[in-house]
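Undergrad: Input structure: model-v5.txt, which contains compact mmCIF, C-alpha atoms.
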```
# COMPACT_ATOMS: atom_id res chain seq x y z
CA MET A 1 -144.31 114.17 10.82
CA ILE A 2 -146.32 116.04 8.28
CA GLU A 3 -149.55 114.33 9.25
CA LEU A 4 -150.33 112.16 6.28
CA HIS A 5 -154.02 113.00 6.20
CA ALA A 6 -153.01 116.69 6.02
CA VAL A 7 -150.33 116.46 3.34
CA ASP A 8 -152.43 118.69 1.11
CA VAL A 9 -152.03 121.47 3.68
CA ALA A 10 -148.28 120.92 3.75
CA VAL A 11 -148.18 121.08 -0.04
CA GLN A 12 -149.98 124.42 -0.06
CA ARG A 13 -147.66 125.89 2.55
CA SER A 14 -144.52 124.66 0.80
CA SER A 15 -145.72 125.94 -2.58
CA LYS A 16 -145.91 129.46 -1.11
CA ARG A 17 -142.29 129.30 0.03
CA TRP A 18 -140.41 128.50 -3.19
CA HIS A 19 -137.90 131.25 -2.35
CA SER A 20 -136.60 129.05 0.46
CA ALA A 21 -134.53 126.09 -0.76
CA LEU A 22 -134.82 124.39 2.62
CA SER A 23 -138.61 124.58 2.54
CA VAL A 24 -138.65 123.04 -0.93
CA LEU A 25 -136.35 120.26 0.26
CA LEU A 26 -138.55 119.58 3.28
CA PHE A 27 -141.65 119.32 1.14
CA PHE A 28 -139.91 117.22 -1.50
CA VAL A 29 -138.70 114.53 0.88
CA SER A 30 -142.18 114.42 2.41
CA LEU A 31 -143.61 113.92 -1.08
CA LEU A 32 -141.20 111.07 -1.70
CA LEU A 33 -142.18 109.46 1.58
CA THR A 34 -145.91 109.76 1.29
CA LEU A 35 -146.30 108.35 -2.24
CA PRO A 36 -149.98 107.45 -2.63
CA LEU A 37 -150.84 109.06 0.69
CA LEU A 38 -151.54 112.37 -1.01
CA ALA A 39 -155.29 111.88 -1.05
CA SER A 40 -157.26 114.77 0.33
CA VAL A 41 -160.01 113.86 2.75
CA SER A 42 -163.43 115.21 1.86
CA ALA A 43 -165.98 116.10 4.52
CA GLN A 44 -168.44 113.78 2.81
CA SER A 45 -165.98 110.86 2.91
CA GLN A 46 -165.22 111.47 6.57
CA LYS A 47 -168.92 111.36 7.41
CA ALA A 48 -169.37 108.16 5.42
CA ALA A 49 -166.46 106.50 7.20
CA SER A 50 -167.73 107.60 10.60
CA ALA A 51 -171.24 106.44 9.88
CA THR A 52 -170.45 102.93 8.62
CA GLY A 53 -167.38 101.94 10.61
CA LYS A 54 -166.99 99.02 8.14
CA PRO A 55 -164.39 98.07 5.54
CA VAL A 56 -165.25 99.56 2.17
CA SER A 57 -162.66 97.94 -0.06
CA GLY A 58 -164.98 96.16 -2.50
CA GLU A 59 -166.96 93.00 -3.05
CA LYS A 60 -164.18 90.62 -4.13
CA GLN A 61 -161.78 88.91 -1.75
CA ALA A 62 -158.13 89.99 -1.90
CA ASN A 63 -155.48 87.31 -2.39
CA ALA A 64 -152.95 87.30 0.46
CA SER A 65 -150.60 85.08 -1.58
CA LEU A 66 -149.57 88.27 -3.42
CA LEU A 67 -147.58 89.25 -0.33
CA LYS A 68 -143.92 88.43 -0.89
CA PRO A 69 -140.74 89.93 0.59
CA TYR A 70 -139.37 92.79 -1.47
CA THR A 71 -136.88 95.64 -1.52
CA ALA A 72 -137.11 98.76 -3.68
CA GLU A 73 -135.15 101.93 -4.33
CA LEU A 74 -137.00 105.12 -5.29
CA LYS A 75 -136.09 108.51 -6.66
CA GLY A 76 -137.95 111.81 -6.74
CA SER A 77 -137.72 114.95 -8.83
CA ILE A 78 -139.38 118.33 -9.25
CA LYS A 79 -139.81 119.55 -12.80
CA GLY A 80 -137.59 122.54 -13.52
CA LEU A 81 -135.52 122.26 -10.34
CA PRO A 82 -132.08 120.59 -9.95
CA MET A 83 -133.18 118.75 -6.84
CA THR A 84 -133.52 115.04 -6.12
CA ALA A 85 -134.23 112.81 -3.15
CA SER A 86 -133.96 109.08 -2.59
CA GLY A 87 -135.93 106.50 -0.70
CA SER A 88 -136.17 102.79 0.00
CA ARG A 89 -138.98 100.43 0.79
CA THR A 90 -138.91 96.89 2.18
CA LEU A 91 -141.47 94.24 3.08
CA GLN A 92 -140.48 91.20 5.09
CA LYS A 93 -141.75 88.89 7.81
CA ASN A 94 -140.68 89.66 11.37
CA SER A 95 -139.76 87.25 14.17
CA ALA A 96 -143.44 86.87 15.13
CA GLY A 97 -144.35 85.76 11.61
CA ASP A 98 -146.20 88.97 10.78
CA TRP A 99 -145.40 91.30 7.91
CA GLU A 100 -143.37 94.47 8.40
CA LEU A 101 -143.38 97.28 5.84
CA VAL A 102 -140.63 99.90 6.21
CA PHE A 103 -140.29 103.13 4.26
CA ASP A 104 -137.19 105.36 4.39
CA ALA A 105 -136.64 108.71 2.65
CA ASN A 106 -133.81 111.23 2.93
CA ALA A 107 -132.14 114.17 1.25
CA GLY A 108 -129.04 114.58 3.37
CA LEU A 109 -130.26 117.19 5.85
CA PHE A 110 -133.61 115.60 6.47
CA GLY A 111 -134.86 112.05 6.94
CA ILE A 112 -138.10 110.20 7.56
CA LYS A 113 -138.69 106.59 8.53
CA GLU A 114 -142.09 104.95 8.71
CA SER A 115 -142.98 101.34 9.52
CA SER A 116 -146.08 99.18 9.85
CA SER A 117 -146.44 95.67 11.26
CA PHE A 118 -149.54 93.77 10.18
CA HIS A 119 -151.12 90.37 9.58
CA VAL A 120 -153.75 89.20 7.07
CA ASP A 121 -157.06 87.71 8.19
CA ALA A 122 -158.89 84.76 6.62
CA LYS A 123 -160.78 87.07 4.27
CA GLY A 124 -157.60 88.54 2.81
CA HIS A 125 -157.88 91.83 4.64
CA ILE A 126 -154.90 93.43 6.36
CA GLN A 127 -155.10 94.09 10.09
CA PRO A 128 -152.36 96.41 11.37
CA ASP A 129 -150.73 95.59 14.70
CA ALA A 130 -148.29 98.50 15.14
CA TYR A 131 -147.29 101.68 13.35
CA GLN A 132 -144.30 103.97 13.90
CA PHE A 133 -143.06 107.23 12.43
CA LYS A 134 -139.80 109.09 13.01
CA ARG A 135 -138.45 112.29 11.50
CA SER A 136 -134.87 113.41 12.00
CA GLY A 137 -132.26 115.74 10.59
CA PHE A 138 -131.32 119.38 10.39
CA ILE A 139 -134.56 120.56 8.78
CA GLY A 140 -137.76 120.70 10.78
CA SER A 141 -138.43 119.77 14.38
CA LYS A 142 -137.71 116.18 15.30
CA LYS A 143 -140.77 114.11 15.84
CA GLU A 144 -141.63 110.53 16.66
CA GLU A 145 -144.94 108.79 17.26
CA SER A 146 -146.24 105.26 17.41
CA ALA A 147 -149.52 103.35 17.58
CA GLU A 148 -150.62 99.94 18.80
CA PHE A 149 -153.77 98.34 17.41
CA ASP A 150 -155.78 96.44 20.01
CA TRP A 151 -158.38 94.52 18.03
CA LYS A 152 -159.83 92.77 21.09
CA LYS A 153 -160.66 96.12 22.71
CA SER A 154 -161.35 97.80 19.33
CA GLN A 155 -159.04 100.72 19.95
CA VAL A 156 -155.78 102.27 18.73
CA LYS A 157 -153.34 103.45 21.40
CA TRP A 158 -151.18 106.38 20.28
CA SER A 159 -147.98 107.63 21.88
CA LYS A 160 -146.08 110.86 21.12
CA LYS A 161 -143.33 112.04 23.48
CA ASP A 162 -145.00 112.17 26.89
CA LYS A 163 -148.55 112.07 25.50
CA GLN A 164 -150.72 108.97 25.16
CA TRP A 165 -154.29 108.67 23.93
CA ALA A 166 -156.63 106.13 22.36
CA ILE A 167 -159.33 106.24 19.68
CA ALA A 168 -162.05 103.77 18.73
CA LEU A 169 -160.93 101.22 16.14
CA LYS A 170 -163.50 100.71 13.41
CA SER A 171 -163.74 97.37 11.63
CA GLY A 172 -161.47 97.25 8.58
CA ALA A 173 -159.39 100.28 9.59
CA LEU A 174 -155.77 100.44 8.42
CA ASP A 175 -152.80 102.65 9.22
CA ASN A 176 -151.15 105.23 6.97
CA LEU A 177 -148.73 102.70 5.51
CA SER A 178 -150.40 99.29 5.50
CA TYR A 179 -153.38 100.44 3.45
CA GLN A 180 -151.07 100.87 0.46
CA THR A 181 -150.45 97.12 0.52
CA GLN A 182 -154.20 96.52 0.78
CA LEU A 183 -154.64 98.69 -2.31
CA ARG A 184 -152.20 96.45 -4.23
CA MET A 185 -154.02 93.32 -3.10
CA ASP A 186 -157.39 94.76 -4.09
CA LEU A 187 -156.15 95.75 -7.54
CA ALA A 188 -154.79 92.24 -8.07
CA ALA A 189 -158.19 90.83 -7.02
CA GLY A 190 -159.92 92.95 -9.66
CA LYS A 191 -161.67 95.27 -7.24
CA THR A 192 -162.84 98.65 -8.52
CA ASN A 193 -164.33 100.11 -5.33
CA LEU A 194 -161.07 101.34 -3.82
CA LYS A 195 -162.03 103.00 -0.54
CA TYR A 196 -160.13 102.64 2.73
CA LEU A 197 -160.61 103.61 6.36
CA ILE A 198 -157.42 105.07 7.87
CA ALA A 199 -156.75 105.38 11.60
CA ASP A 200 -154.50 108.41 12.15
CA ASP A 201 -153.94 110.37 15.38
CA ASP A 202 -157.38 111.27 16.72
CA GLU A 203 -159.64 110.20 13.87
CA VAL A 204 -160.60 107.49 11.40
CA TYR A 205 -161.29 108.78 7.91
CA GLU A 206 -161.68 107.53 4.35
CA ARG A 207 -159.44 107.67 1.28
CA GLU A 208 -160.69 106.86 -2.21
CA PHE A 209 -159.08 106.03 -5.55
CA SER A 210 -160.40 105.34 -9.03
CA ILE A 211 -158.95 103.37 -11.94
CA VAL A 212 -158.06 105.47 -15.00
CA GLY A 213 -156.93 102.64 -17.27
CA GLU A 214 -153.95 100.60 -18.39
CA GLU A 215 -150.72 102.06 -19.73
CA VAL A 216 -147.20 100.98 -20.73
CA ILE A 217 -144.63 103.30 -19.13
CA ASN A 218 -140.84 103.63 -19.25
CA THR A 219 -138.91 103.17 -16.00
CA GLU A 220 -135.28 102.55 -15.07
CA ALA A 221 -136.28 98.89 -14.80
CA GLY A 222 -137.58 98.99 -18.40
CA LYS A 223 -141.03 99.22 -19.97
CA LEU A 224 -143.79 98.00 -17.68
CA ASN A 225 -147.46 97.15 -18.12
CA THR A 226 -149.27 99.22 -15.53
CA VAL A 227 -152.68 100.21 -14.24
CA LYS A 228 -153.07 103.94 -13.68
CA ILE A 229 -154.90 105.11 -10.55
CA LYS A 230 -156.22 108.56 -9.75
CA VAL A 231 -156.55 110.02 -6.26
CA ASN A 232 -160.12 111.26 -5.84
CA ARG A 233 -160.47 114.81 -4.50
CA ASP A 234 -163.20 117.37 -3.92
CA ASN A 235 -161.55 119.84 -6.31
CA ASP A 236 -159.32 119.80 -9.40
CA LYS A 237 -156.62 122.20 -8.20
CA ARG A 238 -154.32 119.26 -7.62
CA GLU A 239 -154.09 116.05 -9.65
CA THR A 240 -152.32 112.94 -8.39
CA TYR A 241 -151.81 109.74 -10.38
CA ILE A 242 -150.18 106.45 -9.36
CA TRP A 243 -148.98 103.59 -11.57
CA PHE A 244 -148.82 99.93 -10.44
CA ALA A 245 -147.02 97.19 -12.44
CA LYS A 246 -149.57 94.52 -13.42
CA ASP A 247 -146.99 91.84 -14.20
CA TRP A 248 -145.22 92.35 -10.87
CA ASP A 249 -147.95 91.87 -8.27
CA TYR A 250 -149.22 95.42 -8.85
CA PHE A 251 -146.03 96.89 -7.44
CA PHE A 252 -145.87 100.69 -7.08
CA VAL A 253 -143.66 102.13 -9.85
CA LYS A 254 -144.58 105.80 -10.28
CA LEU A 255 -146.42 108.77 -8.79
CA LEU A 256 -147.09 112.08 -10.54
CA GLN A 257 -148.63 115.16 -8.95
CA LYS A 258 -149.59 118.27 -10.90
CA GLU A 259 -150.41 121.56 -9.23
CA GLY A 260 -150.38 125.13 -10.51
CA GLY A 261 -148.00 124.39 -13.38
CA SER A 262 -145.60 122.39 -11.19
CA GLU A 263 -144.97 118.66 -11.44
CA TYR A 264 -143.58 116.33 -8.78
CA THR A 265 -142.57 112.78 -9.67
CA VAL A 266 -141.59 109.73 -7.63
CA GLU A 267 -140.37 106.70 -9.58
CA ILE A 268 -138.90 103.28 -9.00
CA LYS A 269 -135.16 102.88 -9.64
CA ASN A 270 -135.02 99.14 -9.04
CA ALA A 271 -136.80 96.51 -7.01
CA THR A 272 -136.55 92.82 -6.12
CA ILE A 273 -139.64 90.77 -5.27
CA ASP A 274 -139.04 87.46 -3.52
CA GLY A 275 -135.47 87.49 -4.84
CA LYS A 276 -136.46 88.25 -8.44
CA PRO A 277 -135.50 91.67 -9.91
CA ILE A 278 -138.26 93.61 -11.64
CA GLU A 279 -137.55 93.69 -15.37
CA GLY A 280 -139.21 95.43 -18.26
CA ILE A 281 -141.23 93.88 -21.10
CA LYS A 282 -139.07 91.71 -23.34
CA ASP A 283 -138.78 92.88 -26.92
CA ALA A 284 -140.49 90.32 -29.17
CA SER A 285 -137.70 90.68 -31.74
CA THR A 286 -135.01 89.51 -29.28
```
Show how you would write the structure in this file as structure tokens.
TA:
Amino acid sequence: MIELHAVDVAVQRSSKRWHSALSVLLFFVSLLLTLPLLASVSAQSQKAASATGKPVSGEKQANASLLKPYTAELKGSIKGLPMTASGSRTLQKNSAGDWELVFDANAGLFGIKESSSFHVDAKGHIQPDAYQFKRSGFIGSKKEESAEFDWKKSQVKWSKKDKQWAIALKSGALDNLSYQTQLRMDLAAGKTNLKYLIADDDEVYEREFSIVGEEVINTEAGKLNTVKIKVNRDNDKRETYIWFAKDWDYFFVKLLQKEGGSEYTVEIKNATIDGKPIEGIKDAST
């Protein structure tokens, strides 16, 4: 996969290859897949994560009751280019009674599938159990990797083709997919200190977000009350914003990235939470 903690590098490389339609397509599907994973990792944040080894999600306790089965369809677009991609996202309980989050994205010639199995502890914090990533299709080399979280031994065991390795598992660490659900839970709990430790390949590092404010936005599901989040970076060359629907368990509904005059957007097409379709704000006059 395009390693999610290095998506910024992939963005830079793809931006230099706009003459190649296949390169644009490869980058675009990756953008659709990664959603809020576009946070750059600062050297300062990495040092802080390494030094503490503790969860840094805030002082309030997240509410696990927010977790409900859902399905969602997503679409992506690049401003000025006749190019689209689609994706889907599901959350459901598996046979063991744990939660499983699955993310699929494709654009015909290229596909990515990512999944995370996790449970929630008594304090409302997610603990991942397993993570898997698979890339397939005509574009790019095929790649698959997986991880198992051993909380008793405090380590993450990674596997990629014929390679296996393990890294130390810091308290509160999440994987590249499950931490997005923790972000939703923290927003719903009213937390403002949105920092997360991510275990990925051979390191554990930190991602950080800040709340911009509230905003009503138009979506294919209708107008939604949202909270707007900004991805914190060390520089302002790239801006990334994410919108979560307040009335729908802080569900992800939109991502916008701006860079060098270009804009990339990922938006919700439709979604169903616990059997109930997401709908826009009702007009008071109706």
Undergrad: In Å, rounded to a single decimal, give me how far CA of Leu67 in chain A is from CA of Ala189 in chain A.
TA: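 Between these atoms lies a distance of 12.6 Å.
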Undergrad: Would you compute the distance between CA of Thr90 in chain A and CA of Asp202 in chain A? Give it in Å to one decimal.
TA: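 We find that CA of Thr90 in chain A and CA of Asp202 in chain A lie 27.6 Å from each other.
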Undergrad: Could you check how far CA of Leu256 in chain A sits from CA of Thr219 in chain A, in Å to one decimal?
TA: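 Spanning CA of Leu256 in chain A to CA of Thr219 in chain A is a straight-line distance of 13.3 Å.
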Undergrad: Check the smallest atom-to-atom distance from each of A:Arg135, A:Lys152, A:Lys68, A:Lys254 to Lys276 in chain A using only C-alpha atoms, then report the winner.
TA: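 The shortest atom-to-atom distance to Lys276 in chain A comes from A:Lys68.
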Undergrad: If we count only C-alpha atoms, what is near Arg89 in chain A at a cut-off of 12 Å, once residues fewer than 5 positions away on the same chain are taken out, given as a VMD selection string?
TA: chain A and resid 32 to 35 69 to 75 100 to 105 112 to 116 177 181 251 to 253 268 to 273
Undergrad: Need the shell around Ala166 in chain A: protein/DNA/RNA residues with any atom at most 7 Å away, counting all atoms listed in the file. Skip same-chain ones fewer than 4 positions apart. Format as a list in words?
TA: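 In the requested form, the answer reads Gln155, Val156, Lys157 and Trp158 of chain A.
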Undergrad: Just want the 10 Å neighbourhood of Val227 in chain A, counted on all atoms listed in the file, with same-chain residues fewer than 4 positions away dropped. Output as a list in words.
TA: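 Contacts, with the query itself left out: Leu187, Ile211, Val212, Gly213, Glu214, Glu215, Val216, Ile217, Ile242, Trp243, Phe244, Ala245, Lys246, Tyr250 and Phe252 of chain A.
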Undergrad: What does the file look like for those residues with C-alpha atoms, as an mmCIF file, in the coordinates of the input?
TA:
```cif
data_model
loop_
_atom_site.group_PDB
_atom_site.id
_atom_site.type_symbol
_atom_site.label_atom_id
_atom_site.label_comp_id
_atom_site.auth_asym_id
_atom_site.auth_seq_id
_atom_site.Cartn_x
_atom_site.Cartn_y
_atom_site.Cartn_z
ATOM 1 C CA LEU A 187 -156.150 95.750 -7.540
ATOM 2 C CA ILE A 211 -158.950 103.370 -11.940
ATOM 3 C CA VAL A 212 -158.060 105.470 -15.000
ATOM 4 C CA GLY A 213 -156.930 102.640 -17.270
ATOM 5 C CA GLU A 214 -153.950 100.600 -18.390
ATOM 6 C CA GLU A 215 -150.720 102.060 -19.730
ATOM 7 C CA VAL A 216 -147.200 100.980 -20.730
ATOM 8 C CA ILE A 217 -144.630 103.300 -19.130
ATOM 9 C CA ILE A 242 -150.180 106.450 -9.360
ATOM 10 C CA TRP A 243 -148.980 103.590 -11.570
ATOM 11 C CA PHE A 244 -148.820 99.930 -10.440
ATOM 12 C CA ALA A 245 -147.020 97.190 -12.440
ATOM 13 C CA LYS A 246 -149.570 94.520 -13.420
ATOM 14 C CA TYR A 250 -149.220 95.420 -8.850
ATOM 15 C CA PHE A 252 -145.870 100.690 -7.080
#
```
Undergrad: Measuring between only C-alpha atoms, which one of A:Lys237, A:Lys282, A:Lys223, A:Arg184 shows the shortest distance to Phe209 in chain A?
TA: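 Of A:Lys237, A:Lys282, A:Lys223, A:Arg184, the one nearest Phe209 in chain A is A:Arg184, counting only C-alpha atoms.
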Undergrad: Rank nothing, just name the residue among A:Ile229, A:Leu81, A:Leu91, A:Ala168 nearest to Thr192 in chain A, using only C-alpha atoms.
TA: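 Distance minimum relative to Thr192 in chain A lands on A:Ile229.
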Undergrad: Of the candidates A:Ala188, A:Leu169, A:Leu183, A:Ile78, which shows the shortest atom-to-atom distance to Glu267 in chain A, using only C-alpha atoms?
TA: A:Ile78
Undergrad: Please determine, counting all atoms listed in the file, which residue among A:Asp175, A:Glu145, A:Glu220, A:Glu263 has the shortest atom-to-atom distance to Tyr241 in chain A.
TA: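 Between A:Asp175, A:Glu145, A:Glu220, A:Glu263, the residue approaching Tyr241 in chain A most closely is A:Glu263.
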